[in-house]
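Okay, run.cif now, which holds mmCIF, C-alpha atoms:
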data_run
#
loop_
_atom_site.group_PDB
_atom_site.id
_atom_site.type_symbol
_atom_site.label_atom_id
_atom_site.label_comp_id
_atom_site.auth_asym_id
_atom_site.auth_seq_id
_atom_site.Cartn_x
_atom_site.Cartn_y
_atom_site.Cartn_z
ATOM 1 C CA MET E 29 199.284 98.515 105.206
ATOM 2 C CA SER E 30 198.257 94.874 104.738
ATOM 3 C CA ASN E 31 194.998 93.541 106.102
ATOM 4 C CA LEU E 32 196.914 91.295 108.523
ATOM 5 C CA ILE E 33 198.784 94.247 109.988
ATOM 6 C CA LYS E 34 195.529 96.214 110.328
ATOM 7 C CA TYR E 35 193.814 93.194 111.913
ATOM 8 C CA ASN E 36 196.624 92.661 114.410
ATOM 9 C CA GLU E 37 196.813 96.341 115.238
ATOM 10 C CA ALA E 38 193.118 96.393 116.148
ATOM 11 C CA PHE E 39 193.723 93.672 118.779
ATOM 12 C CA ILE E 40 196.950 95.174 120.050
ATOM 13 C CA SER E 41 195.532 98.668 120.489
ATOM 14 C CA SER E 42 192.172 97.515 121.873
ATOM 15 C CA PHE E 43 193.604 95.131 124.479
ATOM 16 C CA GLN E 44 197.037 96.637 125.149
ATOM 17 C CA ILE E 45 198.792 93.364 124.332
ATOM 18 C CA THR E 46 201.829 92.363 122.280
ATOM 19 C CA GLU E 47 201.937 90.620 118.919
ATOM 20 C CA ASP E 48 203.238 87.341 120.372
ATOM 21 C CA GLN E 49 199.984 86.998 122.373
ATOM 22 C CA LEU E 50 197.756 86.997 119.300
ATOM 23 C CA ALA E 51 197.994 83.421 117.981
ATOM 24 C CA ASN E 52 195.809 81.642 120.544
ATOM 25 C CA LEU E 53 193.887 84.630 121.748
ATOM 26 C CA THR E 54 190.277 83.967 122.743
ATOM 27 C CA TYR E 55 187.536 86.042 124.352
ATOM 28 C CA GLN E 56 188.324 86.738 128.028
ATOM 29 C CA SER E 57 191.737 85.029 127.794
ATOM 30 C CA VAL E 58 193.400 88.371 128.525
ATOM 31 C CA GLN E 59 192.252 91.085 130.893
ATOM 32 C CA GLY E 60 191.521 93.571 128.135
ATOM 33 C CA TRP E 61 189.206 91.318 126.133
ATOM 34 C CA ASP E 62 186.118 91.688 128.268
ATOM 35 C CA SER E 63 182.746 92.928 126.976
ATOM 36 C CA VAL E 64 183.872 96.566 126.915
ATOM 37 C CA GLY E 65 187.124 95.612 125.177
ATOM 38 C CA HIS E 66 185.132 93.550 122.698
ATOM 39 C CA MET E 67 183.138 96.607 121.616
ATOM 40 C CA ALA E 68 186.369 98.572 121.263
ATOM 41 C CA LEU E 69 187.811 95.778 119.086
ATOM 42 C CA ILE E 70 184.727 95.703 116.862
ATOM 43 C CA ALA E 71 184.779 99.494 116.516
ATOM 44 C CA ALA E 72 188.470 99.367 115.570
ATOM 45 C CA LEU E 73 187.907 96.620 112.982
ATOM 46 C CA GLU E 74 184.883 98.378 111.485
ATOM 47 C CA GLU E 75 186.887 101.573 111.228
ATOM 48 C CA SER E 76 189.967 99.883 109.724
ATOM 49 C CA PHE E 77 188.099 97.856 107.131
ATOM 50 C CA ASP E 78 185.203 100.263 106.572
ATOM 51 C CA ILE E 79 182.540 97.673 107.333
ATOM 52 C CA MET E 80 179.562 97.338 109.633
ATOM 53 C CA MET E 81 179.258 93.972 111.312
ATOM 54 C CA ASP E 82 175.956 92.298 112.094
ATOM 55 C CA THR E 83 175.111 91.633 115.720
ATOM 56 C CA ASP E 84 175.305 87.843 115.230
ATOM 57 C CA ASP E 85 178.852 88.178 113.922
ATOM 58 C CA ILE E 86 179.850 90.446 116.791
ATOM 59 C CA VAL E 87 178.594 87.788 119.207
ATOM 60 C CA ASP E 88 180.326 84.957 117.319
ATOM 61 C CA PHE E 89 183.654 86.802 117.179
ATOM 62 C CA SER E 90 185.156 84.734 119.977
ATOM 63 C CA SER E 91 188.805 84.376 119.027
ATOM 64 C CA TYR E 92 191.598 85.825 116.939
ATOM 65 C CA GLU E 93 191.270 82.959 114.433
ATOM 66 C CA LYS E 94 187.460 82.949 114.340
ATOM 67 C CA GLY E 95 187.540 86.651 113.577
ATOM 68 C CA LYS E 96 189.459 86.028 110.365
ATOM 69 C CA ALA E 97 186.704 83.712 109.119
ATOM 70 C CA ILE E 98 183.987 86.185 110.083
ATOM 71 C CA LEU E 99 185.676 89.056 108.273
ATOM 72 C CA LYS E 100 185.681 86.989 105.071
ATOM 73 C CA LYS E 101 181.897 87.471 105.027
ATOM 74 C CA TYR E 102 182.592 91.186 104.620
ATOM 75 C CA ASN E 103 185.075 90.565 101.792
ATOM 76 C CA VAL E 104 188.018 91.174 104.071
ATOM 77 C CA THR E 105 190.696 88.524 103.641
ATOM 78 C CA ILE E 106 193.339 88.423 106.329
ATOM 79 C CA MET U 259 158.029 129.844 115.775
ATOM 80 C CA LEU U 260 161.401 130.404 117.462
ATOM 81 C CA PRO U 261 163.603 133.225 116.168
ATOM 82 C CA PHE U 262 166.396 130.688 115.575
ATOM 83 C CA LYS U 263 166.661 127.122 114.305
ATOM 84 C CA LEU U 264 167.525 124.534 116.912
ATOM 85 C CA LEU U 265 168.508 121.779 114.494
ATOM 86 C CA GLN U 266 170.393 123.656 111.809
ATOM 87 C CA ASN U 267 172.908 121.361 110.034
ATOM 88 C CA LYS U 268 171.534 118.307 111.845
ATOM 89 C CA THR U 269 170.003 115.208 110.339
ATOM 90 C CA VAL U 270 167.086 113.503 112.029
ATOM 91 C CA LEU U 271 165.760 110.016 111.371
ATOM 92 C CA ILE U 272 162.183 109.627 112.512
ATOM 93 C CA THR U 273 160.002 106.549 112.372
ATOM 94 C CA GLY U 274 156.232 106.598 112.069
ATOM 95 C CA SER U 275 156.381 109.841 110.147
ATOM 96 C CA ASN U 276 153.149 109.335 108.237
ATOM 97 C CA ARG U 277 150.676 110.234 110.963
ATOM 98 C CA GLY U 278 150.035 111.392 114.506
ATOM 99 C CA ILE U 279 152.936 112.674 116.593
ATOM 100 C CA GLY U 280 155.509 111.543 114.018
ATOM 101 C CA LYS U 281 153.946 113.526 111.201
ATOM 102 C CA VAL U 282 153.811 116.680 113.308
ATOM 103 C CA ALA U 283 157.378 116.070 114.519
ATOM 104 C CA VAL U 284 158.597 115.949 110.902
ATOM 105 C CA GLU U 285 157.241 119.462 110.410
ATOM 106 C CA VAL U 286 158.543 120.790 113.742
ATOM 107 C CA PHE U 287 162.015 119.405 113.001
ATOM 108 C CA ALA U 288 162.047 120.711 109.433
ATOM 109 C CA MET U 289 160.909 124.116 110.712
ATOM 110 C CA ASN U 290 163.987 124.046 112.920
ATOM 111 C CA GLY U 291 166.340 123.450 110.022
ATOM 112 C CA ALA U 292 166.857 119.687 110.232
ATOM 113 C CA SER U 293 167.380 117.426 107.258
ATOM 114 C CA ILE U 294 165.026 114.500 107.625
ATOM 115 C CA TRP U 295 165.044 110.782 106.984
ATOM 116 C CA ALA U 296 161.338 110.042 107.213
ATOM 117 C CA CYS U 297 160.457 106.407 107.826
ATOM 118 C CA ALA U 298 157.058 104.863 107.288
ATOM 119 C CA ARG U 299 155.627 101.439 106.636
ATOM 120 C CA LYS U 300 154.777 101.928 103.004
ATOM 121 C CA GLU U 301 154.891 104.500 100.273
ATOM 122 C CA THR U 302 151.582 106.219 99.586
ATOM 123 C CA PRO U 303 150.712 109.278 97.485
ATOM 124 C CA GLU U 304 149.644 111.077 100.684
ATOM 125 C CA ILE U 305 152.937 110.659 102.492
ATOM 126 C CA GLU U 306 154.962 111.452 99.373
ATOM 127 C CA TYR U 307 152.952 114.644 98.936
ATOM 128 C CA PHE U 308 153.301 115.553 102.601
ATOM 129 C CA LEU U 309 157.073 115.011 102.706
ATOM 130 C CA ASN U 310 157.728 116.769 99.397
ATOM 131 C CA ASN U 311 155.659 119.691 100.612
ATOM 132 C CA ILE U 312 157.628 119.884 103.882
ATOM 133 C CA ALA U 313 160.926 119.864 101.954
ATOM 134 C CA ALA U 314 159.768 122.697 99.724
ATOM 135 C CA LYS U 315 158.142 124.720 102.502
ATOM 136 C CA TYR U 316 161.167 124.739 104.820
ATOM 137 C CA GLY U 317 163.960 124.334 102.288
ATOM 138 C CA VAL U 318 165.323 121.185 103.891
ATOM 139 C CA ASN U 319 166.327 117.824 102.513
ATOM 140 C CA VAL U 320 163.691 115.150 103.200
ATOM 141 C CA ARG U 321 164.511 111.564 102.241
ATOM 142 C CA LYS U 322 162.254 108.573 102.677
ATOM 143 C CA LEU U 323 162.783 105.079 104.008
ATOM 144 C CA TYR U 324 159.980 102.539 103.858
ATOM 145 C CA PHE U 325 160.005 99.437 106.026
ATOM 146 C CA ASP U 326 157.625 97.345 108.067
ATOM 147 C CA LEU U 327 158.477 97.180 111.755
ATOM 148 C CA THR U 328 157.281 93.575 111.917
ATOM 149 C CA ASN U 329 159.827 92.569 109.289
ATOM 150 C CA GLU U 330 163.348 92.395 110.695
ATOM 151 C CA ILE U 331 164.919 91.781 107.285
ATOM 152 C CA GLU U 332 163.244 94.853 105.820
ATOM 153 C CA ILE U 333 164.429 96.976 108.741
ATOM 154 C CA ARG U 334 168.013 95.709 108.359
ATOM 155 C CA GLU U 335 168.064 96.246 104.598
ATOM 156 C CA SER U 336 166.693 99.774 104.912
ATOM 157 C CA LEU U 337 169.086 100.820 107.621
ATOM 158 C CA LYS U 338 172.048 99.369 105.741
ATOM 159 C CA THR U 339 171.367 102.133 103.215
ATOM 160 C CA LEU U 340 172.423 104.620 105.854
ATOM 161 C CA VAL U 341 175.617 102.721 106.483
ATOM 162 C CA THR U 342 176.599 102.206 102.862
ATOM 163 C CA GLU U 343 175.889 105.852 102.097
ATOM 164 C CA LYS U 344 177.935 106.788 105.182
ATOM 165 C CA CYS U 345 175.130 108.964 106.434
ATOM 166 C CA LYS U 346 175.517 111.210 109.420
ATOM 167 C CA ILE U 347 172.542 110.833 111.730
ATOM 168 C CA ASP U 348 172.479 113.309 114.583
ATOM 169 C CA VAL U 349 169.081 112.442 115.984
ATOM 170 C CA LEU U 350 166.962 109.304 116.010
ATOM 171 C CA VAL U 351 163.315 109.606 117.019
ATOM 172 C CA ASN U 352 161.892 106.166 117.619
ATOM 173 C CA ASN U 353 158.287 107.174 117.311
ATOM 174 C CA ALA U 354 156.492 104.400 115.455
ATOM 175 C CA GLY U 355 154.425 101.966 117.442
ATOM 176 C CA ILE U 356 151.073 100.315 117.783
ATOM 177 C CA ALA U 357 148.445 100.700 120.434
ATOM 178 C CA HIS U 358 146.600 97.847 121.997
ATOM 179 C CA GLY U 359 143.969 97.782 124.680
ATOM 180 C CA GLY U 360 142.392 94.751 126.298
ATOM 181 C CA PHE U 361 142.326 92.946 129.604
ATOM 182 C CA LEU U 362 144.954 90.253 129.979
ATOM 183 C CA GLN U 363 142.365 87.489 130.027
ATOM 184 C CA MET U 364 141.165 88.719 126.636
ATOM 185 C CA THR U 365 144.598 89.138 125.087
ATOM 186 C CA PRO U 366 146.266 86.188 123.354
ATOM 187 C CA ILE U 367 149.986 85.866 124.053
ATOM 188 C CA SER U 368 150.525 86.063 120.298
ATOM 189 C CA LYS U 369 149.105 89.610 120.391
ATOM 190 C CA ILE U 370 151.395 90.585 123.271
ATOM 191 C CA LYS U 371 154.347 89.269 121.264
ATOM 192 C CA GLU U 372 153.231 91.287 118.245
ATOM 193 C CA VAL U 373 152.999 94.462 120.323
ATOM 194 C CA PHE U 374 156.471 93.848 121.737
ATOM 195 C CA GLU U 375 157.835 93.102 118.266
ATOM 196 C CA ILE U 376 156.811 96.548 117.060
ATOM 197 C CA ASN U 377 157.046 98.659 120.199
ATOM 198 C CA PHE U 378 160.198 97.154 121.647
ATOM 199 C CA PHE U 379 162.285 94.739 119.564
ATOM 200 C CA SER U 380 162.164 96.706 116.345
ATOM 201 C CA GLN U 381 163.061 99.878 118.256
ATOM 202 C CA LEU U 382 166.116 98.159 119.692
ATOM 203 C CA LEU U 383 167.133 96.937 116.251
ATOM 204 C CA ILE U 384 166.932 100.477 114.891
ATOM 205 C CA ILE U 385 168.933 101.764 117.857
ATOM 206 C CA GLN U 386 171.565 99.064 117.243
ATOM 207 C CA TYR U 387 172.156 100.324 113.719
ATOM 208 C CA VAL U 388 171.825 104.055 114.246
ATOM 209 C CA SER U 389 173.772 104.175 117.505
ATOM 210 C CA LYS U 390 176.701 102.565 115.709
ATOM 211 C CA LEU U 391 176.810 105.511 113.346
ATOM 212 C CA MET U 392 176.486 107.889 116.284
ATOM 213 C CA MET U 393 179.222 106.108 118.251
ATOM 214 C CA LYS U 394 181.584 106.569 115.318
ATOM 215 C CA GLN U 395 180.635 110.249 115.085
ATOM 216 C CA LYS U 396 181.033 110.592 118.853
ATOM 217 C CA SER U 397 177.732 112.470 119.012
ATOM 218 C CA GLY U 398 174.017 111.889 118.812
ATOM 219 C CA SER U 399 170.682 112.056 120.538
ATOM 220 C CA ILE U 400 168.085 109.298 120.588
ATOM 221 C CA VAL U 401 164.487 109.951 121.599
ATOM 222 C CA ASN U 402 162.225 107.008 122.329
ATOM 223 C CA MET U 403 158.481 107.520 122.325
ATOM 224 C CA ALA U 404 157.216 105.729 125.422
ATOM 225 C CA SER U 405 153.966 106.450 127.259
ATOM 226 C CA ILE U 406 152.637 107.297 130.702
ATOM 227 C CA VAL U 407 151.093 103.845 130.471
ATOM 228 C CA GLY U 408 154.630 102.456 130.663
ATOM 229 C CA LEU U 409 155.094 104.255 133.981
ATOM 230 C CA ASP U 410 151.674 104.047 135.643
ATOM 231 C CA GLY U 411 149.404 101.024 135.692
ATOM 232 C CA TYR U 412 146.206 101.313 133.706
ATOM 233 C CA PRO U 413 143.752 98.432 133.423
ATOM 234 C CA GLY U 414 143.634 96.984 129.940
ATOM 235 C CA TYR U 415 147.164 97.984 128.982
ATOM 236 C CA THR U 416 149.243 94.962 129.893
ATOM 237 C CA ALA U 417 150.605 94.481 126.362
ATOM 238 C CA TYR U 418 151.064 98.118 125.373
ATOM 239 C CA GLY U 419 152.188 99.351 128.796
ATOM 240 C CA SER U 420 154.660 96.505 129.285
ATOM 241 C CA SER U 421 156.211 97.139 125.887
ATOM 242 C CA LYS U 422 156.620 100.836 126.734
ATOM 243 C CA ALA U 423 157.990 99.990 130.195
ATOM 244 C CA ALA U 424 160.571 97.773 128.503
ATOM 245 C CA LEU U 425 161.502 100.642 126.200
ATOM 246 C CA ILE U 426 161.883 102.925 129.216
ATOM 247 C CA TYR U 427 164.204 100.446 130.915
ATOM 248 C CA ALA U 428 166.268 100.126 127.732
ATOM 249 C CA THR U 429 166.478 103.919 127.556
ATOM 250 C CA LYS U 430 167.929 104.119 131.051
ATOM 251 C CA THR U 431 170.397 101.302 130.458
ATOM 252 C CA LEU U 432 171.541 102.525 127.065
ATOM 253 C CA ALA U 433 172.051 106.017 128.464
ATOM 254 C CA ARG U 434 174.929 104.552 130.436
ATOM 255 C CA GLU U 435 176.210 102.343 127.606
ATOM 256 C CA LEU U 436 176.250 105.139 125.042
ATOM 257 C CA ALA U 437 177.335 108.083 127.207
ATOM 258 C CA PRO U 438 181.071 107.317 126.731
ATOM 259 C CA TYR U 439 180.500 107.962 123.022
ATOM 260 C CA ASN U 440 178.714 111.273 123.654
ATOM 261 C CA VAL U 441 175.398 109.770 122.580
ATOM 262 C CA ARG U 442 172.395 110.690 124.719
ATOM 263 C CA ILE U 443 169.165 108.737 124.889
ATOM 264 C CA ASN U 444 165.933 109.801 126.523
ATOM 265 C CA ALA U 445 162.271 108.864 126.413
ATOM 266 C CA ILE U 446 159.058 110.824 126.248
ATOM 267 C CA ALA U 447 156.018 109.594 128.110
ATOM 268 C CA PRO U 448 153.051 111.359 126.554
ATOM 269 C CA GLY U 449 149.642 111.351 128.104
ATOM 270 C CA LEU U 450 146.725 110.662 125.842
ATOM 271 C CA THR U 451 147.265 112.660 122.665
ATOM 272 C CA GLU U 452 144.926 113.843 119.900
ATOM 273 C CA THR U 453 145.816 111.184 117.340
ATOM 274 C CA ASP U 454 144.073 108.358 115.495
ATOM 275 C CA MET U 455 145.488 106.056 118.162
ATOM 276 C CA ALA U 456 143.565 107.867 120.911
ATOM 277 C CA MET U 457 140.384 107.828 118.845
ATOM 278 C CA GLN U 458 140.489 104.015 118.912
ATOM 279 C CA MET U 459 140.121 103.994 122.704
ATOM 280 C CA GLU U 460 136.898 103.132 124.477
ATOM 281 C CA GLY U 461 135.074 106.280 125.603
ATOM 282 C CA LYS U 462 135.133 105.521 129.356
ATOM 283 C CA ALA U 463 138.832 104.729 129.388
ATOM 284 C CA LYS U 464 139.593 107.868 127.428
ATOM 285 C CA ASP U 465 137.490 110.032 129.768
ATOM 286 C CA LYS U 466 139.257 108.582 132.801
ATOM 287 C CA MET U 467 142.668 109.429 131.396
ATOM 288 C CA VAL U 468 141.592 112.960 130.542
ATOM 289 C CA ASN U 469 140.118 113.406 134.013
ATOM 290 C CA ASP U 470 143.294 112.099 135.635
ATOM 291 C CA SER U 471 145.203 114.956 134.019
ATOM 292 C CA ALA U 472 145.301 118.233 135.951
ATOM 293 C CA MET U 473 144.756 120.103 132.698
ATOM 294 C CA LYS U 474 141.690 117.992 131.812
ATOM 295 C CA ARG U 475 142.409 117.639 128.129
ATOM 296 C CA LEU U 476 144.269 115.575 125.571
ATOM 297 C CA ALA U 477 147.769 116.587 124.536
ATOM 298 C CA LYS U 478 148.200 118.129 121.121
ATOM 299 C CA PRO U 479 150.681 116.251 118.902
ATOM 300 C CA GLU U 480 152.828 119.405 118.609
ATOM 301 C CA GLU U 481 153.191 119.510 122.397
ATOM 302 C CA ILE U 482 154.810 116.091 122.262
ATOM 303 C CA ALA U 483 156.842 116.994 119.181
ATOM 304 C CA ASN U 484 158.174 120.070 120.976
ATOM 305 C CA MET U 485 159.545 117.878 123.757
ATOM 306 C CA ALA U 486 161.166 115.678 121.105
ATOM 307 C CA LEU U 487 162.695 118.836 119.629
ATOM 308 C CA PHE U 488 164.110 119.836 123.009
ATOM 309 C CA LEU U 489 165.613 116.389 123.606
ATOM 310 C CA ALA U 490 166.980 116.280 120.057
ATOM 311 C CA SER U 491 168.629 119.670 120.322
ATOM 312 C CA ASP U 492 171.705 120.830 122.181
ATOM 313 C CA LEU U 493 169.450 122.614 124.649
ATOM 314 C CA SER U 494 169.232 119.267 126.425
ATOM 315 C CA SER U 495 172.960 118.512 126.223
ATOM 316 C CA PHE U 496 173.112 117.302 129.856
ATOM 317 C CA VAL U 497 169.809 115.432 129.855
ATOM 318 C CA ASN U 498 170.385 111.700 129.548
ATOM 319 C CA GLY U 499 168.518 108.539 130.523
ATOM 320 C CA GLN U 500 165.392 110.473 131.468
ATOM 321 C CA VAL U 501 161.717 109.860 130.913
ATOM 322 C CA MET U 502 159.991 113.163 130.251
ATOM 323 C CA ARG U 503 156.299 113.124 131.079
ATOM 324 C CA VAL U 504 154.172 115.322 128.835
ATOM 325 C CA ASP U 505 150.792 114.664 130.355
ATOM 326 C CA GLY U 506 149.296 117.919 131.596
ATOM 327 C CA GLY U 507 150.055 116.920 135.192
ATOM 328 C CA MET U 508 149.099 113.462 136.393
#

Taking this structure as input, can you express it in the form of structure tokens?
Amino acid sequence: MSNLIKYNEAFISSFQITEDQLANLTYQSVQGWDSVGHMALIAALEESFDIMMDTDDIVDFSSYEKGKAILKKYNVTI
Amino acid sequence: MLPFKLLQNKTVLITGSNRGIGKVAVEVFAMNGASIWACARKETPEIEYFLNNIAAKYGVNVRKLYFDLTNEIEIRESLKTLVTEKCKIDVLVNNAGIAHGGFLQMTPISKIKEVFEINFFSQLLIIQYVSKLMMKQKSGSIVNMASIVGLDGYPGYTAYGSSKAALIYATKTLARELAPYNVRINAIAPGLTETDMAMQMEGKAKDKMVNDSAMKRLAKPEEIANMALFLASDLSSFVNGQVMRVDGGM
């Protein structure tokens, strides 16, 4: 499974959304991406990519696109 | 000694394991079958000897982590070891801390910040890292070492007592945040205990605290460690978000 598929799947399963909603997705733009959903997303990403994100990065992870840049710091290229 | 081991197959990470309650807790936990990650500020021949002796005496695995609680980078780097080695931590005992006594008018704000840095912020940082491992495991028990001074007002304890009160509040809040992941978190509020920390107290203040206790004596470190053992073990599986006073009745 490619990193992009794993990345997308983390959002889709955490927020119960469809793939066409991903492109412009930002924090709190859908009902599922609240603070609880955010922790679920981070847990899913950490599990999928076998990483442990720093608190500052968890806080900065504010959109679908921003997340891609943050994951680069952990050697995960989407 | 109990006829069975309460922490068999469990791994415990304990801070401040070089002296006082922490040192005794290392032995109580090892006696109960736990593997230990023993944390202390710096490596010394005494602590190495003590920990190696505990490992040999009880036949458990004792590993060491050295970091300074005033140094956030050191804490992060040390705890990342646990993550990269994919360690399973079943129990965290946040025991390390510093004491401070002094009336507010005689206490610089910089000192209060220092006390909070060690007794509160560094504890939260450790919980952030270790609870992540526990959340993934869907199990864990965290024990925070607070103090009766964090519950009851004592003159001269604004810095220390406030830092422990903050830790107590965090314990209660995190109990709700972590419960969905089957991670429990509780605090112990010891009364004055026979440790080096207590020996630093002024005589009058110490006497007052002893006299306030129905049992009219200091706690023994093992009496506090035994409560930590209870909270760490499955015997306390439905105890969460609590502050357990171990003070001889106050």

Next item on the list: Return as a ChimeraX atom specification the residues belonging to chain E that are within 10 Å of chain U, counting all atoms listed in the file.
Entry: /E:64,71-72,74-75,78-83

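On the file presented, the PyMOL selection byres ((chain U and resi 487) around 9) picks out U:Leu264, U:Leu265, U:Ala283, U:Val286, U:Phe287, U:Asn290, U:Ile482, U:Ala483, U:Asn484, U:Met485, U:Ala486, U:Phe488, U:Leu489, U:Ala490, U:Ser491.
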
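Between CA of Ala437 (chain U) and CA of Gly65 (chain E) the interatomic distance comes to 16.0 Å.
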
Translate the PyMOL selection byres ((chain U and resi 289) around 10), as applied to the file shown, into an explicit residue set as a short mmCIF file (atom, residue, chain, number, x, y, z; two decimals) with C-alpha atoms, in the frame of the given file.
data_model
loop_
_atom_site.label_atom_id
_atom_site.label_comp_id
_atom_site.auth_asym_id
_atom_site.auth_seq_id
_atom_site.Cartn_x
_atom_site.Cartn_y
_atom_site.Cartn_z
CA MET U 259 158.03 129.84 115.78
CA LEU U 260 161.40 130.40 117.46
CA PHE U 262 166.40 130.69 115.58
CA LYS U 263 166.66 127.12 114.30
CA LEU U 264 167.52 124.53 116.91
CA LEU U 265 168.51 121.78 114.49
CA GLN U 266 170.39 123.66 111.81
CA ALA U 283 157.38 116.07 114.52
CA VAL U 284 158.60 115.95 110.90
CA GLU U 285 157.24 119.46 110.41
CA VAL U 286 158.54 120.79 113.74
CA PHE U 287 162.01 119.40 113.00
CA ALA U 288 162.05 120.71 109.43
CA ASN U 290 163.99 124.05 112.92
CA GLY U 291 166.34 123.45 110.02
CA ALA U 292 166.86 119.69 110.23
CA SER U 293 167.38 117.43 107.26
CA ILE U 312 157.63 119.88 103.88
CA ALA U 313 160.93 119.86 101.95
CA LYS U 315 158.14 124.72 102.50
CA TYR U 316 161.17 124.74 104.82
CA GLY U 317 163.96 124.33 102.29
CA VAL U 318 165.32 121.18 103.89
#

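Comparing the minimum interatomic distances between Glu93 (chain E) and each of E:Ser57, E:Ser76, E:Ser63, E:Asn52, counting all atoms listed in the file, we find that E:Asn52 sits nearest.
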
Next item on the list: Please write the residues picked by the PyMOL selection byres ((chain E and resi 33) around 12) on this file as a list in words.
Entry: Met29, Ser30, Asn31, Leu32, Lys34, Tyr35, Asn36, Glu37, Ala38, Phe39, Ile40, Ser41, Glu47, Leu50, Leu73, Ser76, Phe77, Thr105 and Ile106 of chain E
